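Presented below is the structure to which this report refers.
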Amino acid sequence: MANVVIVGAQWGDEGKGKVVDIYTEFADDVVRFQGGNNAGHTLVVGDDKVVLHLIPSGILHEGKRCIIGNGVVLDPEVFITEVDNLKANGHLPDDSCLLLSESLHIIMPYHKRIDIAREVKSGERKIGTTGRGIGPCYEDKIGRRGVRLMDLLDKERFAMKLRENLEEKNFILEKMLGERPFTFEEIYEQYLGYAEVLKKYAADTSMLLYNDIKAGKKILFEGAQGTLLDIDHGTYPFVTSSSTCAGGACTGSGVGPTAIQEVIGISKAYITRVGSGPFPTELDDDNGEKLRKAGHEFGSTTGRPRRCGWFDALVVKYAVRVNGLSGIALTKLDVLSGFDTIKICTGYEYDGGVVDELPASLEIFTRCRPIYEEMPGWREDIQGVKKMSELPVNALKYVKRLEELVGCRIVLVSVGARRDETLILENPF
């Protein structure tokens, strides 16, 4: 038996969807434990491309149970649209394979309007959110005024909470942000309609997972975003609003830490970031553009071009530490084909000295400059490679050097976007 957590080891967009899709073959349940539809996982199966924002990537495998845990914030409209699209394309033939925690929190229209208005008002100081209402929804959760799925399914309780919340939210929208307020009626009837669809998916998923673990079933926990976007351990305040690290798998799904046996961090062979915040190895040159084009580095959720840079070993070494990573899945190695020289950041120069660990202070991190180690690149196209020994010598040396620098073994190497363009070196299950 093995229960495995998948987390991003950088700033998100590392290719978690593909790795989860691959590992789902060996799991019984797949659990999404944090975030909302600000995440996007792109899967390529054969000639089909599927983009998911809320539903776990394992949904493409028949007979697997997919769970959206209590740590997720759910936009009902997005969820229902995603279900409809999956069914229209021949997926999700059995609704019982998809469950929602009755304790998860619901994104409301006022969350989205507040989110967008705050970003506009912040101007150059904006965080770079997706405007999906994720942060304001988590604020209400922590402030103990959120609307949970179980509240939405109770008409009287939902009406009471909605009236109470609108009194506060409309004041914020009108008086502080200069936006149009909401009426009770325009939200209430719409969300009762959503409730009619969602009720068949609602369950005590924590109890279901507990029973499955007792029965010896294998659970795969799927995270969104990345370690450096964690609300506690990321580059605050340029972070998301949830716990993206491995510990979030427990609090976001309702299982205890002793249920977890393996933690796999997903890392690109280079590094990207979306939104504002420090990024020491960012490339504002032809190499950065080459990475962006070759890696198709545009957000699955927003379509925004991603900022691209060389691999930062300090970032991934930090992810190894705070997540307790037992292995790393290295993605997009094929994107580096064609570079004569490849650089790896092995430390930072700061204030005349050398920093060899990720700084806790954002002010210091912003002023850090990368110290690079250079390695020879390779010209060969590696997308057709089926085993590690077929890789160019310089590609093998690069992978080995990354292992040494971050202090964690690489257990999977992705050499293309397709499911079958993957080298599994060790199976965590």
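Just remember, in the structure tokens the first chain shown is A, the second B, etc., residues are 1-based per chain, and ligands are 1-based in the order shown.
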
Quick check for you: according to DSSP on this backbone, which residues of region 222-339 of chain A are classed as strand (DSSP E)? Reply as a list in words. Glu222, Glu262, Val263, Ile264, Gly265, Ile266, Ser267, Lys268, Ile271, Thr272, Arg273, Arg307, Cys308, Gly309, Phe311, Asp312, Gly327, Ile328, Ala329, Leu330 and Thr331 of chain A

Selection to disk with all heavy atoms, as a compact mmCIF listing (two decimals), in the first residue's frame:
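Final output, saved to selection-v3.txt:
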```
# COMPACT_ATOMS: atom_id res chain seq x y z
N GLU A 222 -3.67 15.27 -5.21
CA GLU A 222 -3.26 16.17 -6.29
C GLU A 222 -3.31 17.62 -5.83
O GLU A 222 -4.37 18.15 -5.49
CB GLU A 222 -4.19 15.97 -7.49
CG GLU A 222 -3.98 16.97 -8.61
CD GLU A 222 -5.00 16.81 -9.73
OE1 GLU A 222 -5.81 15.86 -9.69
OE2 GLU A 222 -4.97 17.64 -10.65
N GLU A 262 4.54 8.74 0.43
CA GLU A 262 5.45 9.33 -0.55
C GLU A 262 4.99 10.73 -0.91
O GLU A 262 3.78 10.99 -1.01
CB GLU A 262 5.52 8.48 -1.83
CG GLU A 262 6.04 7.07 -1.63
CD GLU A 262 7.55 6.99 -1.60
OE1 GLU A 262 8.22 7.99 -1.95
OE2 GLU A 262 8.07 5.92 -1.24
N VAL A 263 5.95 11.62 -1.13
CA VAL A 263 5.65 12.98 -1.61
C VAL A 263 6.53 13.25 -2.83
O VAL A 263 7.76 13.28 -2.72
CB VAL A 263 5.90 14.05 -0.53
CG1 VAL A 263 5.51 15.43 -1.06
CG2 VAL A 263 5.12 13.73 0.74
N ILE A 264 5.89 13.43 -3.97
CA ILE A 264 6.61 13.67 -5.22
C ILE A 264 6.44 15.13 -5.63
O ILE A 264 5.32 15.62 -5.76
CB ILE A 264 6.09 12.75 -6.35
CG1 ILE A 264 6.16 11.27 -5.91
CG2 ILE A 264 6.89 12.99 -7.63
CD1 ILE A 264 7.54 10.77 -5.59
N GLY A 265 7.57 15.81 -5.84
CA GLY A 265 7.54 17.19 -6.29
C GLY A 265 7.73 17.26 -7.79
O GLY A 265 8.62 16.60 -8.35
N ILE A 266 6.90 18.05 -8.45
CA ILE A 266 7.01 18.19 -9.90
C ILE A 266 7.81 19.45 -10.21
O ILE A 266 7.54 20.53 -9.68
CB ILE A 266 5.62 18.30 -10.57
CG1 ILE A 266 4.65 17.27 -9.97
CG2 ILE A 266 5.75 18.12 -12.08
CD1 ILE A 266 5.09 15.85 -10.08
N SER A 267 8.81 19.31 -11.06
CA SER A 267 9.69 20.43 -11.41
C SER A 267 10.00 20.41 -12.90
O SER A 267 10.30 19.36 -13.46
CB SER A 267 11.00 20.35 -10.61
OG SER A 267 11.95 21.27 -11.12
N LYS A 268 9.89 21.57 -13.54
CA LYS A 268 10.36 21.68 -14.91
C LYS A 268 11.88 21.60 -14.93
O LYS A 268 12.54 21.88 -13.92
CB LYS A 268 9.92 23.01 -15.52
CG LYS A 268 8.46 23.05 -15.94
CD LYS A 268 8.08 24.42 -16.44
CE LYS A 268 6.60 24.43 -16.83
NZ LYS A 268 6.09 25.79 -17.05
N ILE A 271 12.47 26.88 -15.37
CA ILE A 271 11.53 27.39 -14.39
C ILE A 271 10.68 28.49 -15.00
O ILE A 271 11.14 29.22 -15.90
CB ILE A 271 12.28 27.90 -13.13
CG1 ILE A 271 11.33 28.11 -11.95
CG2 ILE A 271 13.06 29.16 -13.43
CD1 ILE A 271 12.03 28.28 -10.62
N THR A 272 9.43 28.58 -14.57
CA THR A 272 8.53 29.63 -15.04
C THR A 272 7.77 30.22 -13.88
O THR A 272 7.70 29.65 -12.79
CB THR A 272 7.51 29.09 -16.07
OG1 THR A 272 6.67 28.11 -15.44
CG2 THR A 272 8.19 28.49 -17.28
N ARG A 273 7.19 31.38 -14.15
CA ARG A 273 6.34 32.03 -13.14
C ARG A 273 5.28 32.85 -13.87
O ARG A 273 5.56 33.46 -14.90
CB ARG A 273 7.16 32.90 -12.21
CG ARG A 273 6.32 33.63 -11.19
CD ARG A 273 7.09 34.27 -10.06
NE ARG A 273 6.15 34.60 -8.99
CZ ARG A 273 6.48 34.99 -7.79
NH1 ARG A 273 7.75 35.11 -7.46
NH2 ARG A 273 5.56 35.25 -6.90
N ARG A 307 6.53 33.92 -17.44
CA ARG A 307 7.91 34.38 -17.33
C ARG A 307 8.80 33.14 -17.28
O ARG A 307 8.51 32.20 -16.53
CB ARG A 307 8.06 35.23 -16.07
CG ARG A 307 7.14 36.44 -16.05
CD ARG A 307 6.88 36.97 -14.64
NE ARG A 307 8.08 37.49 -14.00
CZ ARG A 307 8.15 37.81 -12.70
NH1 ARG A 307 7.10 37.64 -11.91
NH2 ARG A 307 9.28 38.29 -12.21
N CYS A 308 9.88 33.13 -18.03
CA CYS A 308 10.73 31.94 -18.14
C CYS A 308 12.15 32.22 -17.70
O CYS A 308 12.66 33.34 -17.88
CB CYS A 308 10.74 31.43 -19.59
SG CYS A 308 9.13 30.93 -20.22
N GLY A 309 12.81 31.22 -17.15
CA GLY A 309 14.19 31.37 -16.72
C GLY A 309 14.90 30.04 -16.58
O GLY A 309 14.30 28.97 -16.71
N PHE A 311 16.88 26.93 -14.66
CA PHE A 311 16.58 26.15 -13.46
C PHE A 311 17.24 26.79 -12.24
O PHE A 311 18.43 27.12 -12.25
CB PHE A 311 17.09 24.72 -13.64
CG PHE A 311 16.69 23.77 -12.53
CD1 PHE A 311 15.53 23.04 -12.62
CD2 PHE A 311 17.49 23.62 -11.40
CE1 PHE A 311 15.17 22.15 -11.62
CE2 PHE A 311 17.15 22.75 -10.39
CZ PHE A 311 15.96 22.02 -10.49
N ASP A 312 16.45 26.94 -11.18
CA ASP A 312 16.94 27.52 -9.93
C ASP A 312 17.00 26.40 -8.89
O ASP A 312 15.98 25.97 -8.37
CB ASP A 312 16.02 28.64 -9.48
CG ASP A 312 16.58 29.45 -8.31
OD1 ASP A 312 17.32 28.87 -7.50
OD2 ASP A 312 16.28 30.66 -8.22
N GLY A 327 10.82 12.23 -3.84
CA GLY A 327 11.22 12.08 -5.24
C GLY A 327 10.80 13.30 -6.04
O GLY A 327 9.93 14.07 -5.62
N ILE A 328 11.44 13.46 -7.21
CA ILE A 328 11.12 14.58 -8.10
C ILE A 328 10.77 14.02 -9.47
O ILE A 328 11.46 13.15 -10.00
CB ILE A 328 12.31 15.55 -8.22
CG1 ILE A 328 12.50 16.32 -6.92
CG2 ILE A 328 12.12 16.53 -9.38
CD1 ILE A 328 13.73 17.20 -6.88
N ALA A 329 9.68 14.53 -10.03
CA ALA A 329 9.32 14.24 -11.42
C ALA A 329 9.77 15.43 -12.25
O ALA A 329 9.26 16.55 -12.07
CB ALA A 329 7.82 14.02 -11.55
N LEU A 330 10.72 15.22 -13.13
CA LEU A 330 11.29 16.30 -13.94
C LEU A 330 10.57 16.36 -15.28
O LEU A 330 10.57 15.39 -16.04
CB LEU A 330 12.78 16.05 -14.15
CG LEU A 330 13.57 17.19 -14.81
CD1 LEU A 330 13.71 18.36 -13.84
CD2 LEU A 330 14.95 16.69 -15.24
N THR A 331 9.95 17.49 -15.57
CA THR A 331 9.16 17.62 -16.79
C THR A 331 9.84 18.55 -17.80
O THR A 331 10.74 19.32 -17.46
CB THR A 331 7.76 18.17 -16.47
OG1 THR A 331 7.88 19.49 -15.92
CG2 THR A 331 7.03 17.27 -15.48
```

Long-range neighbours of Cys66 (chain A) as a ChimeraX atom specification, 8 Å cut-off, only C-alpha atoms, 5 positions minimum in chain: /A:29-32,55-56,58-59,97-99

Got a sec: who's within 7 Å of region 138-145 of chain A, counting only C-alpha atoms, leaving out chain neighbours fewer than 3 positions off, as a PDB file with N, CA and C atoms, in the first residue's frame?
```pdb
ATOM      1  N   ILE A 134     -10.819  33.599  -5.792  1.00  0.00           N
ATOM      2  CA  ILE A 134     -10.236  32.585  -4.908  1.00  0.00           C
ATOM      3  C   ILE A 134      -9.853  33.188  -3.556  1.00  0.00           C
ATOM      4  N   GLY A 135      -9.048  34.254  -3.592  1.00  0.00           N
ATOM      5  CA  GLY A 135      -8.589  34.875  -2.347  1.00  0.00           C
ATOM      6  C   GLY A 135      -9.727  35.352  -1.461  1.00  0.00           C
ATOM      7  N   SER A 241      -3.781  31.685  -2.158  1.00  0.00           N
ATOM      8  CA  SER A 241      -4.447  31.846  -0.858  1.00  0.00           C
ATOM      9  C   SER A 241      -4.646  30.542  -0.108  1.00  0.00           C
TER      10      SER A 241
END
```

Ranking A:Phe279, A:Glu102, A:Val274, A:Gly223 by minimum distance to Asp204 (chain A) and counting only C-alpha atoms, which one comes first?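 So, comparing all the options, the nearest one is A:Glu102.
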
Output as JSON, numbers by chain all residues of region 211-263 of chain A that backbone DSSP marks as alpha helix (DSSP H). {"A": [211, 212, 213, 214, 247, 248, 249, 250, 251]}

Can you spit out the residues from that selection as a tab-separated table (two decimals), in the first residue's frame, using N, CA and C atoms?
```tsv
chain	number	residue	atom	x	y	z
A	211	ASN	N	-12.08	5.22	5.23
A	211	ASN	CA	-12.47	3.82	5.03
A	211	ASN	C	-11.67	3.17	3.91
A	212	ASP	N	-11.39	3.92	2.86
A	212	ASP	CA	-10.60	3.37	1.76
A	212	ASP	C	-9.16	3.08	2.19
A	213	ILE	N	-8.59	3.98	2.99
A	213	ILE	CA	-7.23	3.77	3.49
A	213	ILE	C	-7.19	2.54	4.40
A	214	LYS	N	-8.20	2.39	5.26
A	214	LYS	CA	-8.28	1.21	6.13
A	214	LYS	C	-8.38	-0.07	5.31
A	247	GLY	N	1.78	19.40	3.35
A	247	GLY	CA	0.93	19.41	4.53
A	247	GLY	C	-0.51	19.75	4.23
A	248	GLY	N	-0.73	20.52	3.16
A	248	GLY	CA	-2.09	20.87	2.77
A	248	GLY	C	-2.90	19.68	2.31
A	249	ALA	N	-2.24	18.60	1.93
A	249	ALA	CA	-2.97	17.40	1.50
A	249	ALA	C	-3.78	16.82	2.65
A	250	CYS	N	-3.24	16.92	3.85
A	250	CYS	CA	-3.95	16.38	5.02
A	250	CYS	C	-5.09	17.30	5.44
A	251	THR	N	-4.79	18.59	5.63
A	251	THR	CA	-5.84	19.51	6.07
A	251	THR	C	-6.89	19.72	4.99
```

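Among the candidates A:Thr240, A:Asn394, A:Thr81, A:Ser253, the one nearest to Trp378 (chain A) when counting only C-alpha atoms is A:Asn394.
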
Nearest to Leu229 (chain A) among A:Ile116, A:Cys368, A:Ala269, A:Val315, with distances taken over only C-alpha atoms: which residue is it?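 Ranked by minimum distance to Leu229 (chain A), first place goes to A:Val315.
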
So which residues touch Ser57 (chain A) within 12 Å, counting only C-alpha atoms, skipping near sequence neighbours fewer than 3 positions away, as a PyMOL selection string? chain A and resi 6+15-25+29-32+39-45+50-54+60-62+64-68+82+86+91-92+98+220-224

Selection from above, N, CA and C atoms, as a tab-separated table (two decimals), in the first residue's frame, can you write it?
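Output contents, as saved in selection_6.tsv:
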```
chain	number	residue	atom	x	y	z
A	6	ILE	N	1.20	14.66	-4.62
A	6	ILE	CA	1.87	15.34	-5.72
A	6	ILE	C	1.78	16.85	-5.47
A	15	GLY	N	3.59	20.94	-14.73
A	15	GLY	CA	3.17	19.73	-15.43
A	15	GLY	C	2.58	18.69	-14.51
A	16	LYS	N	1.97	19.15	-13.40
A	16	LYS	CA	1.39	18.20	-12.43
A	16	LYS	C	0.28	17.37	-13.04
A	17	GLY	N	-0.51	17.99	-13.93
A	17	GLY	CA	-1.64	17.27	-14.51
A	17	GLY	C	-1.20	16.01	-15.23
A	18	LYS	N	-0.15	16.11	-16.01
A	18	LYS	CA	0.34	14.94	-16.75
A	18	LYS	C	0.83	13.86	-15.79
A	19	VAL	N	1.58	14.25	-14.76
A	19	VAL	CA	2.13	13.27	-13.83
A	19	VAL	C	1.00	12.60	-13.04
A	20	VAL	N	0.02	13.37	-12.61
A	20	VAL	CA	-1.14	12.79	-11.91
A	20	VAL	C	-1.86	11.82	-12.83
A	21	ASP	N	-2.04	12.21	-14.07
A	21	ASP	CA	-2.71	11.35	-15.05
A	21	ASP	C	-1.96	10.01	-15.17
A	22	ILE	N	-0.64	10.06	-15.19
A	22	ILE	CA	0.17	8.83	-15.30
A	22	ILE	C	0.05	7.98	-14.04
A	23	TYR	N	0.19	8.61	-12.87
A	23	TYR	CA	0.16	7.87	-11.61
A	23	TYR	C	-1.24	7.35	-11.26
A	24	THR	N	-2.27	7.94	-11.85
A	24	THR	CA	-3.64	7.48	-11.57
A	24	THR	C	-3.84	6.02	-11.93
A	25	GLU	N	-3.09	5.54	-12.90
A	25	GLU	CA	-3.19	4.12	-13.30
A	25	GLU	C	-2.97	3.20	-12.11
A	29	ASP	N	-8.15	6.12	-5.66
A	29	ASP	CA	-8.79	7.42	-5.50
A	29	ASP	C	-7.80	8.52	-5.85
A	30	VAL	N	-8.30	9.59	-6.47
A	30	VAL	CA	-7.49	10.78	-6.75
A	30	VAL	C	-8.18	11.96	-6.08
A	31	VAL	N	-7.42	12.70	-5.25
A	31	VAL	CA	-8.01	13.76	-4.43
A	31	VAL	C	-7.36	15.10	-4.72
A	32	ARG	N	-8.14	16.07	-5.11
A	32	ARG	CA	-7.67	17.46	-5.23
A	32	ARG	C	-7.88	18.11	-3.87
A	39	ALA	N	-6.34	27.30	-11.04
A	39	ALA	CA	-5.36	26.33	-11.51
A	39	ALA	C	-5.81	25.77	-12.84
A	40	GLY	N	-4.87	25.28	-13.62
A	40	GLY	CA	-5.22	24.64	-14.88
A	40	GLY	C	-4.26	23.51	-15.19
A	41	HIS	N	-4.79	22.33	-15.46
A	41	HIS	CA	-3.97	21.19	-15.81
A	41	HIS	C	-4.29	20.78	-17.25
A	42	THR	N	-3.28	20.78	-18.10
A	42	THR	CA	-3.46	20.40	-19.50
A	42	THR	C	-2.95	18.99	-19.71
A	43	LEU	N	-3.82	18.12	-20.22
A	43	LEU	CA	-3.47	16.71	-20.45
A	43	LEU	C	-3.54	16.43	-21.94
A	44	VAL	N	-2.56	15.70	-22.45
A	44	VAL	CA	-2.56	15.29	-23.85
A	44	VAL	C	-2.57	13.76	-23.87
A	45	VAL	N	-3.71	13.20	-24.32
A	45	VAL	CA	-3.87	11.75	-24.38
A	45	VAL	C	-4.14	11.39	-25.84
A	50	VAL	N	-7.02	17.90	-23.17
A	50	VAL	CA	-8.06	18.18	-22.18
A	50	VAL	C	-7.50	19.15	-21.14
A	51	VAL	N	-8.21	20.24	-20.89
A	51	VAL	CA	-7.81	21.20	-19.87
A	51	VAL	C	-8.80	21.14	-18.72
A	52	LEU	N	-8.30	20.88	-17.52
A	52	LEU	CA	-9.12	20.80	-16.32
A	52	LEU	C	-8.72	21.90	-15.35
A	53	HIS	N	-9.69	22.46	-14.64
A	53	HIS	CA	-9.41	23.53	-13.68
A	53	HIS	C	-9.76	23.12	-12.25
A	54	LEU	N	-10.77	22.28	-12.09
A	54	LEU	CA	-11.21	21.86	-10.76
A	54	LEU	C	-11.17	20.35	-10.58
A	60	LEU	N	-9.90	11.08	-16.30
A	60	LEU	CA	-9.83	10.48	-17.63
A	60	LEU	C	-9.66	8.96	-17.58
A	61	HIS	N	-9.48	8.42	-16.38
A	61	HIS	CA	-9.34	6.97	-16.22
A	61	HIS	C	-10.65	6.39	-15.68
A	62	GLU	N	-11.26	5.50	-16.41
A	62	GLU	CA	-12.52	4.89	-15.95
A	62	GLU	C	-12.29	4.03	-14.71
A	64	LYS	N	-11.86	5.00	-11.64
A	64	LYS	CA	-11.15	5.67	-10.56
A	64	LYS	C	-12.09	6.67	-9.90
A	65	ARG	N	-12.02	6.77	-8.58
A	65	ARG	CA	-12.87	7.73	-7.88
A	65	ARG	C	-12.11	9.04	-7.70
A	66	CYS	N	-12.69	10.13	-8.16
A	66	CYS	CA	-12.06	11.45	-8.05
A	66	CYS	C	-12.82	12.29	-7.03
A	67	ILE	N	-12.06	12.90	-6.14
A	67	ILE	CA	-12.65	13.64	-5.02
A	67	ILE	C	-12.10	15.05	-5.00
A	68	ILE	N	-13.00	16.03	-4.84
A	68	ILE	CA	-12.59	17.42	-4.62
A	68	ILE	C	-12.77	17.68	-3.14
A	82	GLU	N	-17.38	22.14	-16.54
A	82	GLU	CA	-16.32	21.16	-16.72
A	82	GLU	C	-16.90	19.74	-16.81
A	86	LEU	N	-16.67	17.28	-20.13
A	86	LEU	CA	-16.13	15.93	-20.04
A	86	LEU	C	-17.11	14.92	-20.62
A	91	HIS	N	-16.17	11.26	-21.57
A	91	HIS	CA	-15.60	10.96	-20.27
A	91	HIS	C	-16.68	11.03	-19.18
A	92	LEU	N	-16.36	10.56	-17.99
A	92	LEU	CA	-17.26	10.58	-16.84
A	92	LEU	C	-18.61	9.92	-17.13
A	98	LEU	N	-17.26	10.77	-9.17
A	98	LEU	CA	-16.84	12.14	-8.87
A	98	LEU	C	-17.58	12.63	-7.63
A	220	LEU	N	-4.07	8.94	-4.33
A	220	LEU	CA	-3.19	9.93	-4.94
A	220	LEU	C	-3.75	11.32	-4.65
A	221	PHE	N	-2.97	12.15	-3.97
A	221	PHE	CA	-3.40	13.49	-3.59
A	221	PHE	C	-2.80	14.50	-4.57
A	222	GLU	N	-3.67	15.27	-5.21
A	222	GLU	CA	-3.26	16.17	-6.29
A	222	GLU	C	-3.31	17.62	-5.83
A	223	GLY	N	-2.15	18.28	-5.84
A	223	GLY	CA	-2.10	19.69	-5.49
A	223	GLY	C	-2.16	20.58	-6.72
A	224	ALA	N	-2.44	21.85	-6.48
A	224	ALA	CA	-2.44	22.86	-7.54
A	224	ALA	C	-1.40	23.92	-7.20
```

Can you pull out every residue within 9 Å of region 152-167 of chain A, counting only C-alpha atoms, but drop anything in the same chain fewer than 3 positions away, and send it as a ChimeraX atom specification? /A:106,110,145-149,170-171,181-184,187-188,191-192,194-196,198-199

Could you please determine the separation between CA of Ala203 (chain A) and CA of Gly8 (chain A) in Å, to one decimal place? 27.4 Å

Looking at A:Glu380, A:Asp420, A:Asp286, A:Glu189, which one is nearest to Val393 (chain A), with distances taken over only C-alpha atoms?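 Looking only at the distances to Val393 (chain A), the closest residue turns out to be A:Glu380.
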
Which of these, A:Leu423, A:Lys218, A:Gly299, A:Thr227, has the shortest distance to Val7 (chain A) once you count only C-alpha atoms? A:Thr227

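Minimum atom-to-atom distance to Asn427 (chain A), evaluated using only C-alpha atoms, belongs to A:Ile410 out of A:Ile410, A:Gly178, A:Asp48, A:Ser361.
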
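Residues with any atom within 12 Å of Asp115 (chain A), counting only C-alpha atoms and excluding same-chain neighbours fewer than 5 positions away, are Ile107, Met108, Pro109, Tyr110, Val120, Lys121, Ser122, Lys126, Ile127, Gly128, Thr129, Thr130, Gly131, Arg132, Gly133, Ile134, Gly135, Pro136, Cys137, Tyr138, Glu139, Lys169, Ile172, Leu173, Leu177 and Glu179 of chain A.
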
Expected file: the selected residues, C-alpha atoms, as a PDB file, in the first residue's frame:
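After the write, selection-v8.pdb holds the following:
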```pdb
ATOM      1  CA  ILE A 107     -17.106  30.966  -4.540  1.00  0.00           C
ATOM      2  CA  MET A 108     -19.819  33.607  -4.754  1.00  0.00           C
ATOM      3  CA  PRO A 109     -20.273  36.371  -7.369  1.00  0.00           C
ATOM      4  CA  TYR A 110     -19.230  39.040  -4.866  1.00  0.00           C
ATOM      5  CA  VAL A 120      -7.514  47.411 -10.484  1.00  0.00           C
ATOM      6  CA  LYS A 121      -7.315  49.678  -7.448  1.00  0.00           C
ATOM      7  CA  SER A 122      -3.853  48.356  -6.513  1.00  0.00           C
ATOM      8  CA  LYS A 126      -1.216  44.333  -7.773  1.00  0.00           C
ATOM      9  CA  ILE A 127      -0.519  40.695  -6.907  1.00  0.00           C
ATOM     10  CA  GLY A 128      -1.422  39.327 -10.327  1.00  0.00           C
ATOM     11  CA  THR A 129      -4.423  37.200  -9.327  1.00  0.00           C
ATOM     12  CA  THR A 130      -6.581  35.432 -11.901  1.00  0.00           C
ATOM     13  CA  GLY A 131      -9.644  37.410 -10.759  1.00  0.00           C
ATOM     14  CA  ARG A 132     -11.584  34.192 -10.077  1.00  0.00           C
ATOM     15  CA  GLY A 133     -12.533  35.158  -6.506  1.00  0.00           C
ATOM     16  CA  ILE A 134     -10.236  32.585  -4.908  1.00  0.00           C
ATOM     17  CA  GLY A 135      -8.589  34.875  -2.347  1.00  0.00           C
ATOM     18  CA  PRO A 136     -11.797  36.606  -1.157  1.00  0.00           C
ATOM     19  CA  CYS A 137     -13.460  33.185  -0.773  1.00  0.00           C
ATOM     20  CA  TYR A 138     -10.608  31.933   1.414  1.00  0.00           C
ATOM     21  CA  GLU A 139     -10.850  35.178   3.405  1.00  0.00           C
ATOM     22  CA  LYS A 169     -19.921  42.783   0.713  1.00  0.00           C
ATOM     23  CA  ILE A 172     -17.162  47.042   0.485  1.00  0.00           C
ATOM     24  CA  LEU A 173     -18.133  47.096  -3.183  1.00  0.00           C
ATOM     25  CA  LEU A 177     -14.186  49.893  -4.355  1.00  0.00           C
ATOM     26  CA  GLU A 179     -18.465  48.934  -7.733  1.00  0.00           C
TER      27      GLU A 179
END
```

Skipping near chain neighbours, those fewer than 5 positions away, what residues fall within 10 Å of His233 (chain A) using only C-alpha atoms, listed as a VMD selection string? chain A and resid 227 to 228 239 243 to 245 318 to 319 322 360
